[in-house]
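Text of target26.cif (mmCIF, C-alpha atoms) as supplied:
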```cif
data_query
#
loop_
_atom_site.label_atom_id
_atom_site.label_comp_id
_atom_site.auth_asym_id
_atom_site.auth_seq_id
_atom_site.Cartn_x
_atom_site.Cartn_y
_atom_site.Cartn_z
CA MET F 1 6.30 24.05 -3.24
CA SER F 2 4.43 22.32 -6.08
CA ASP F 3 1.66 19.80 -5.48
CA THR F 4 3.90 17.07 -6.94
CA ILE F 5 6.69 17.75 -4.44
CA ARG F 6 4.18 17.93 -1.57
CA ALA F 7 2.79 14.57 -2.68
CA ALA F 8 6.32 13.16 -2.62
CA PHE F 9 6.74 14.19 1.02
CA TRP F 10 3.44 12.55 1.97
CA MET F 11 4.61 9.36 0.25
CA ILE F 12 7.74 9.34 2.46
CA GLY F 13 5.40 9.10 5.44
CA ALA F 14 3.58 6.25 3.74
CA ILE F 15 6.87 4.43 3.16
CA VAL F 16 7.80 4.58 6.85
CA ALA F 17 4.33 3.40 7.88
CA PHE F 18 4.19 0.51 5.40
CA THR F 19 7.65 -0.69 6.47
CA SER F 20 6.61 -0.64 10.14
CA MET F 21 3.48 -2.58 9.26
CA ALA F 22 5.51 -5.30 7.53
CA ILE F 23 7.68 -5.78 10.63
CA ALA F 24 4.63 -5.90 12.92
CA GLY F 25 2.72 -8.17 10.56
CA ARG F 26 5.48 -10.76 10.57
CA ALA F 27 5.67 -10.54 14.39
CA VAL F 28 1.99 -11.44 14.89
CA SER F 29 1.68 -13.96 12.06
CA PHE F 30 2.60 -16.82 14.40
CA GLU F 31 -0.60 -16.32 16.42
CA LEU F 32 -3.09 -14.64 14.06
CA ASP F 33 -4.13 -15.42 10.49
CA THR F 34 -4.38 -12.67 7.88
CA PHE F 35 -8.14 -12.17 8.35
CA GLU F 36 -7.72 -11.76 12.11
CA ILE F 37 -4.88 -9.30 11.57
CA MET F 38 -7.11 -7.27 9.26
CA LEU F 39 -9.98 -7.37 11.75
CA PHE F 40 -8.00 -6.07 14.73
CA ARG F 41 -6.09 -3.60 12.59
CA SER F 42 -9.37 -2.12 11.35
CA LEU F 43 -10.92 -1.97 14.83
CA THR F 44 -7.89 -0.01 16.01
CA GLY F 45 -8.27 2.23 12.99
CA ILE F 46 -11.94 2.97 13.69
CA VAL F 47 -11.08 4.20 17.19
CA VAL F 48 -8.27 6.41 15.89
CA VAL F 49 -10.37 7.90 13.07
CA LEU F 50 -13.27 8.67 15.40
CA ILE F 51 -11.00 10.31 17.99
CA VAL F 52 -9.07 12.38 15.45
CA GLY F 53 -12.21 13.24 13.48
CA ALA F 54 -14.05 14.36 16.63
CA ALA F 55 -11.08 16.45 17.78
CA ALA F 56 -10.70 18.08 14.37
CA GLY F 57 -14.45 18.51 13.89
CA THR F 58 -14.37 16.67 10.56
CA LEU F 59 -16.77 13.80 11.30
CA ARG F 60 -19.61 15.87 9.89
CA GLN F 61 -17.84 15.61 6.53
CA VAL F 62 -18.68 11.90 6.34
CA ARG F 63 -21.41 11.37 3.77
CA ARG F 64 -23.27 8.40 2.38
CA THR F 65 -22.61 9.31 -1.23
CA ASN F 66 -20.32 7.24 -3.46
CA MET F 67 -20.92 4.15 -1.36
CA GLY F 68 -20.47 1.95 -4.41
CA VAL F 69 -17.01 3.38 -5.05
CA HIS F 70 -16.09 3.04 -1.35
CA PHE F 71 -17.20 -0.60 -1.42
CA VAL F 72 -15.30 -1.48 -4.61
CA ARG F 73 -12.16 0.30 -3.35
CA ASN F 74 -12.20 -1.62 -0.10
CA VAL F 75 -12.87 -4.98 -1.72
CA PHE F 76 -9.68 -4.52 -3.75
CA HIS F 77 -7.79 -3.25 -0.72
CA PHE F 78 -8.95 -6.05 1.59
CA THR F 79 -8.00 -8.67 -0.99
CA GLY F 80 -4.62 -7.11 -1.70
CA GLN F 81 -3.79 -6.59 1.98
CA ASN F 82 -4.58 -10.18 2.93
CA LEU F 83 -2.41 -11.45 0.07
CA TRP F 84 0.35 -9.09 1.22
CA PHE F 85 0.21 -10.20 4.86
CA TYR F 86 0.41 -13.81 3.70
CA ALA F 87 3.36 -13.12 1.38
CA ILE F 88 5.51 -11.40 4.04
CA THR F 89 5.40 -14.58 6.14
CA VAL F 90 6.58 -17.01 3.45
CA ILE F 91 9.10 -15.16 1.24
CA PRO F 92 11.82 -12.53 1.95
CA LEU F 93 10.54 -9.01 2.61
CA ALA F 94 12.64 -7.51 -0.20
CA GLN F 95 11.07 -9.94 -2.65
CA VAL F 96 7.55 -9.09 -1.46
CA PHE F 97 8.19 -5.39 -1.85
CA ALA F 98 9.90 -5.83 -5.21
CA LEU F 99 6.88 -7.68 -6.59
CA GLU F 100 4.52 -5.21 -4.95
CA PHE F 101 6.30 -2.45 -6.82
CA THR F 102 4.69 -3.54 -10.04
CA THR F 103 1.75 -1.56 -8.57
CA PRO F 104 2.81 1.69 -10.33
CA ILE F 105 2.94 -0.13 -13.65
CA TRP F 106 -0.66 -1.22 -13.23
CA ALA F 107 -1.66 2.22 -11.94
CA ILE F 108 -0.15 3.93 -14.97
CA LEU F 109 -1.87 1.51 -17.35
CA LEU F 110 -5.27 1.36 -15.61
CA ALA F 111 -5.70 4.97 -14.46
CA PRO F 112 -6.56 6.25 -17.97
CA LEU F 113 -9.32 3.63 -18.25
CA ILE F 114 -10.90 4.36 -14.85
CA LEU F 115 -10.00 8.00 -14.14
CA GLY F 116 -9.53 9.38 -17.62
CA GLU F 117 -6.00 10.54 -16.78
CA ARG F 118 -3.67 11.04 -19.72
CA LEU F 119 -1.23 8.21 -20.43
CA THR F 120 2.04 9.80 -21.56
CA LYS F 121 5.01 8.26 -23.28
CA PHE F 122 7.27 9.70 -20.59
CA GLY F 123 5.16 8.10 -17.85
CA LEU F 124 5.47 4.76 -19.58
CA PHE F 125 9.23 5.25 -19.91
CA CYS F 126 9.58 5.95 -16.17
CA ALA F 127 7.44 2.93 -15.35
CA ALA F 128 9.55 0.71 -17.60
CA LEU F 129 12.76 2.10 -16.09
CA GLY F 130 11.53 1.45 -12.55
CA PHE F 131 10.38 -2.04 -13.47
CA THR F 132 13.84 -2.75 -14.90
CA GLY F 133 15.30 -1.92 -11.49
CA ILE F 134 12.81 -4.26 -9.84
CA LEU F 135 13.83 -7.12 -12.13
CA ILE F 136 17.49 -6.53 -11.26
CA VAL F 137 16.66 -6.74 -7.55
CA ALA F 138 14.21 -9.64 -7.67
CA ARG F 139 15.73 -11.65 -10.55
CA PRO F 140 12.58 -13.80 -10.69
CA ASP F 141 12.99 -17.48 -11.52
CA PRO F 142 9.89 -18.97 -13.24
CA ALA F 143 11.06 -22.44 -12.20
CA ALA F 144 10.89 -21.46 -8.53
CA LEU F 145 7.46 -19.82 -8.59
CA SER F 146 5.81 -20.18 -5.17
CA ASN F 147 2.48 -19.33 -3.58
CA GLY F 148 4.14 -16.42 -1.80
CA VAL F 149 5.42 -14.96 -5.07
CA ILE F 150 2.00 -15.34 -6.69
CA ALA F 151 0.30 -13.73 -3.69
CA ALA F 152 2.70 -10.77 -3.68
CA ALA F 153 2.26 -10.24 -7.42
CA ALA F 154 -1.54 -10.43 -7.19
CA SER F 155 -1.57 -7.98 -4.28
CA ALA F 156 0.16 -5.42 -6.52
CA VAL F 157 -2.75 -5.45 -8.97
CA CYS F 158 -5.23 -5.01 -6.11
CA PHE F 159 -3.21 -2.14 -4.63
CA ALA F 160 -3.09 -0.38 -8.01
CA LEU F 161 -6.87 -0.58 -8.29
CA THR F 162 -7.18 0.63 -4.68
CA ALA F 163 -5.02 3.66 -5.48
CA ILE F 164 -7.00 4.44 -8.61
CA PHE F 165 -10.35 4.35 -6.81
CA THR F 166 -8.82 6.41 -3.98
CA ARG F 167 -7.87 9.05 -6.52
CA ARG F 168 -11.44 8.98 -7.82
CA LEU F 169 -12.88 9.43 -4.33
CA THR F 170 -10.59 12.38 -3.55
CA ARG F 171 -12.43 14.36 -6.23
CA THR F 172 -15.55 14.58 -4.05
CA GLU F 173 -14.79 13.01 -0.64
CA THR F 174 -12.75 14.28 2.30
CA ILE F 175 -9.92 12.29 3.83
CA THR F 176 -11.94 11.71 7.03
CA SER F 177 -14.79 10.21 5.01
CA ILE F 178 -12.44 7.96 3.02
CA MET F 179 -10.57 6.81 6.12
CA LEU F 180 -13.71 6.08 8.16
CA TYR F 181 -15.26 3.97 5.42
CA LEU F 182 -11.90 2.25 4.95
CA THR F 183 -11.71 1.13 8.58
CA VAL F 184 -15.41 0.27 8.95
CA LEU F 185 -15.67 -1.77 5.76
CA GLN F 186 -12.35 -3.51 6.41
CA ALA F 187 -13.54 -4.43 9.91
CA ILE F 188 -16.76 -5.89 8.52
CA PHE F 189 -14.89 -7.89 5.89
CA GLY F 190 -12.37 -9.05 8.50
CA LEU F 191 -15.10 -10.15 10.91
CA ILE F 192 -16.90 -12.13 8.21
CA PHE F 193 -13.83 -13.95 6.94
CA ALA F 194 -12.10 -14.41 10.29
CA GLY F 195 -15.26 -15.75 11.89
CA TYR F 196 -16.63 -17.92 9.11
CA ASP F 197 -15.30 -21.02 10.91
CA GLY F 198 -16.62 -19.85 14.28
CA ASP F 199 -13.13 -19.36 15.74
CA ILE F 200 -11.48 -15.95 16.05
CA ALA F 201 -8.15 -15.91 17.91
CA LEU F 202 -7.59 -12.92 20.20
CA PRO F 203 -4.25 -11.09 20.53
CA THR F 204 -2.15 -12.04 23.55
CA ALA F 205 -0.32 -9.59 25.80
CA ASP F 206 2.80 -10.14 23.69
CA THR F 207 1.14 -9.54 20.32
CA MET F 208 -1.25 -6.74 21.31
CA PRO F 209 1.37 -3.95 20.94
CA TRP F 210 2.19 -5.24 17.46
CA VAL F 211 -1.51 -5.36 16.54
CA ILE F 212 -1.94 -1.77 17.70
CA LEU F 213 1.13 -0.77 15.69
CA ILE F 214 -0.35 -2.42 12.60
CA GLY F 215 -3.55 -0.43 13.12
CA PHE F 216 -1.77 2.90 13.55
CA ALA F 217 0.76 2.26 10.79
CA GLY F 218 -1.91 1.11 8.35
CA LEU F 219 -4.03 4.16 9.06
CA LEU F 220 -1.09 6.54 8.79
CA ALA F 221 0.01 4.91 5.55
CA HIS F 222 -3.40 5.36 4.00
CA PHE F 223 -3.73 8.90 5.29
CA CYS F 224 -0.41 9.78 3.64
CA LEU F 225 -1.28 7.90 0.46
CA THR F 226 -4.76 9.45 0.23
CA THR F 227 -3.34 12.94 0.78
CA ALA F 228 -0.68 12.35 -1.88
CA LEU F 229 -3.25 11.08 -4.38
CA GLY F 230 -5.32 14.18 -3.70
CA LEU F 231 -2.36 16.33 -4.75
CA ALA F 232 -1.08 14.49 -7.82
CA PRO F 233 -2.24 11.85 -10.34
CA ALA F 234 -1.82 8.17 -9.52
CA ALA F 235 0.75 7.77 -12.31
CA VAL F 236 2.99 10.34 -10.54
CA VAL F 237 2.35 9.38 -6.90
CA MET F 238 2.67 5.60 -7.01
CA PRO F 239 6.23 5.28 -8.41
CA ILE F 240 7.57 7.21 -5.39
CA ASP F 241 6.75 4.17 -3.31
CA PHE F 242 9.71 2.41 -4.96
CA VAL F 243 11.91 3.92 -2.22
CA ARG F 244 10.64 1.24 0.14
CA LEU F 245 12.72 -1.37 -1.67
CA PRO F 246 16.23 -0.57 -0.38
CA VAL F 247 14.74 0.31 3.02
CA ILE F 248 13.02 -3.04 3.46
CA ALA F 249 16.05 -4.90 2.07
CA ILE F 250 18.19 -3.44 4.85
CA VAL F 251 15.49 -4.14 7.45
CA GLY F 252 15.24 -7.75 6.31
CA MET F 253 19.00 -8.17 6.54
CA ILE F 254 19.26 -6.66 10.03
CA LEU F 255 16.19 -8.20 11.67
CA TYR F 256 15.77 -11.52 9.86
CA ALA F 257 19.21 -12.28 8.38
CA GLU F 258 17.72 -12.23 4.89
CA PRO F 259 20.42 -12.16 2.21
CA ILE F 260 21.27 -8.92 0.47
CA ASP F 261 23.79 -8.25 -2.28
CA ARG F 262 25.01 -5.46 -4.53
CA TRP F 263 22.29 -6.07 -7.10
CA VAL F 264 19.69 -4.81 -4.62
CA PHE F 265 21.45 -1.45 -4.59
CA VAL F 266 22.07 -1.43 -8.36
CA GLY F 267 18.36 -1.97 -8.91
CA ALA F 268 17.51 0.60 -6.25
CA ALA F 269 19.67 3.22 -8.00
CA ILE F 270 17.74 2.69 -11.22
CA ILE F 271 14.47 2.88 -9.32
CA PHE F 272 15.54 6.14 -7.67
CA ALA F 273 16.38 7.53 -11.11
CA ALA F 274 12.94 6.61 -12.41
CA ASN F 275 11.31 8.22 -9.38
CA TYR F 276 13.30 11.41 -9.77
CA LEU F 277 12.47 11.75 -13.44
CA ASN F 278 8.79 11.02 -12.92
CA VAL F 279 8.39 13.45 -9.99
CA THR F 280 10.38 16.31 -11.52
CA ARG F 281 9.35 15.99 -15.18
CA GLY F 282 6.32 13.70 -15.22
CA ARG F 283 3.79 16.51 -15.55
CA ARG F 284 5.75 18.48 -18.11
CA VAL F 285 6.81 15.82 -20.58
CA GLY F 286 4.31 13.96 -22.72
#
```
Structure rendered as structure tokens:
Amino acid sequence: MSDTIRAAFWMIGAIVAFTSMAIAGRAVSFELDTFEIMLFRSLTGIVVVLIVGAAAGTLRQVRRTNMGVHFVRNVFHFTGQNLWFYAITVIPLAQVFALEFTTPIWAILLAPLILGERLTKFGLFCAALGFTGILIVARPDPAALSNGVIAAAASAVCFALTAIFTRRLTRTETITSIMLYLTVLQAIFGLIFAGYDGDIALPTADTMPWVILIGFAGLLAHFCLTTALGLAPAAVVMPIDFVRLPVIAIVGMILYAEPIDRWVFVGAAIIFAANYLNVTRGRRVG
């Protein structure tokens, strides 16, 4: 099995985890703001990373090198994740994910500048093909531009930069090191921003299971994503995430009665085609 195919399987795990996190995030949004969600999610993540790292004997792999890269990566991630949590509460989930899926476009364009990865014509073609599918699904209307749409679009840029700096860290850092700094720095950021007004709401008995799910799902998603990025370039890994679009469209329809029509599946078919081409031929065609 090639590294590209292995990366694709890890991204399937990330898709399941990110979808679960969207459902849980919407469930707790009525009691907690985005900063509080990020705080409690990260605290849950710290516990999980420490337990798993201790059991696996990998905590000794955590080093204090590349702290600047860790910090920059987590600033982008914290910003993007807060924008994402806000967007899922104010616009349909399918629309959030469709706008978020401009992330691969930014990853393909920015990775050569930051990582020195080769920008191929075929990679650009696959990105353009996938983006065409997104436009068919989202059919954005400039006249109806809302704060939720802007937040979802801005989160995509932040997520692309997060992925690029993750790829850079995987050259020298272990997954345990990356994940521990992710949870610790995100908890610090969350505590600062959630507590700046002196009032941090605590999860209730009803929301606590959802908060824990967010923590586990977020950690699993990043573990899968980090592993995938360690196996293949960002320009190959990120477009696989397009698969979340039809999944979340169906979830939104079933759980929240959000409208869905044939264009979602037409766009999804084009997106699947772009994914298939990029995964199977992306490394061989320039």
Counting all atoms listed in the file, what is within 8 Å of range 213-216 of chain F, bar same-chain residues fewer than 3 positions away, as an NGL selection string?
-> :F and (20-21 or 24-25 or 40-45 or 48 or 209-210 or 219-220)
Please provide as an MDAnalysis selection string all residues within 8 Å of Gly130 in chain F, with the sequence filter that same-chain residues fewer than 6 positions apart are discarded (counting all atoms listed in the file).
-> chainID F and resid 239 242 270:275
Next, the residues of the selection above should be written as a PDB file, in the frame of the given file with C-alpha atoms.
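This went into selection06.pdb:
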```pdb
ATOM      1  CA  PRO F 239       6.230   5.280  -8.410  1.00  0.00           C
ATOM      2  CA  PHE F 242       9.710   2.410  -4.960  1.00  0.00           C
ATOM      3  CA  ILE F 270      17.740   2.690 -11.220  1.00  0.00           C
ATOM      4  CA  ILE F 271      14.470   2.880  -9.320  1.00  0.00           C
ATOM      5  CA  PHE F 272      15.540   6.140  -7.670  1.00  0.00           C
ATOM      6  CA  ALA F 273      16.380   7.530 -11.110  1.00  0.00           C
ATOM      7  CA  ALA F 274      12.940   6.610 -12.410  1.00  0.00           C
ATOM      8  CA  ASN F 275      11.310   8.220  -9.380  1.00  0.00           C
TER       9      ASN F 275
END
```
Radius query 12 Å about (10.1, 8.1, 8.1), atoms used: all atoms listed in the file, as a ChimeraX atom specification | /F:9-20,217,220-221,224,243-244,247
Can you turn the PyMOL selection byres ((chain F and resi 161) around 9) into a concrete residue list for this file, as number ranges by chain?
-> F: 73, 76-77, 103, 106-107, 110-111, 156-160, 162-166
Could you tell me, as a tab-separated table (two decimals) with C-alpha atoms, in the frame of the given file, exactly which residues end up selected when the PyMOL selection byres ((chain F and resi 58-67) around 12) is applied to this structure?
```
chain	number	residue	atom	x	y	z
F	49	VAL	CA	-10.37	7.90	13.07
F	50	LEU	CA	-13.27	8.67	15.40
F	51	ILE	CA	-11.00	10.31	17.99
F	52	VAL	CA	-9.07	12.38	15.45
F	53	GLY	CA	-12.21	13.24	13.48
F	54	ALA	CA	-14.05	14.36	16.63
F	55	ALA	CA	-11.08	16.45	17.78
F	56	ALA	CA	-10.70	18.08	14.37
F	57	GLY	CA	-14.45	18.51	13.89
F	68	GLY	CA	-20.47	1.95	-4.41
F	69	VAL	CA	-17.01	3.38	-5.05
F	70	HIS	CA	-16.09	3.04	-1.35
F	71	PHE	CA	-17.20	-0.60	-1.42
F	72	VAL	CA	-15.30	-1.48	-4.61
F	73	ARG	CA	-12.16	0.30	-3.35
F	74	ASN	CA	-12.20	-1.62	-0.10
F	165	PHE	CA	-10.35	4.35	-6.81
F	166	THR	CA	-8.82	6.41	-3.98
F	168	ARG	CA	-11.44	8.98	-7.82
F	169	LEU	CA	-12.88	9.43	-4.33
F	170	THR	CA	-10.59	12.38	-3.55
F	171	ARG	CA	-12.43	14.36	-6.23
F	172	THR	CA	-15.55	14.58	-4.05
F	173	GLU	CA	-14.79	13.01	-0.64
F	174	THR	CA	-12.75	14.28	2.30
F	175	ILE	CA	-9.92	12.29	3.83
F	176	THR	CA	-11.94	11.71	7.03
F	177	SER	CA	-14.79	10.21	5.01
F	178	ILE	CA	-12.44	7.96	3.02
F	179	MET	CA	-10.57	6.81	6.12
F	180	LEU	CA	-13.71	6.08	8.16
F	181	TYR	CA	-15.26	3.97	5.42
F	182	LEU	CA	-11.90	2.25	4.95
F	185	LEU	CA	-15.67	-1.77	5.76
```
When the PyMOL selection byres ((chain F and resi 135) around 10) is applied to the file above, which residues end up in the set, as an MDAnalysis selection string?
-> chainID F and resid 98:99 130:134 136:140 263:264 267
Output, as AutoDock Vina command-line options, the centre and edge lengths in Å (one decimal) of the axis-aligned box that contains all listed atoms of range 243-262 of chain F with 4 Å of margin on each side.
```
--center_x 17.8 --center_y -4.2 --center_z 3.6 --size_x 22.4 --size_y 24.2 --size_z 24.2
```
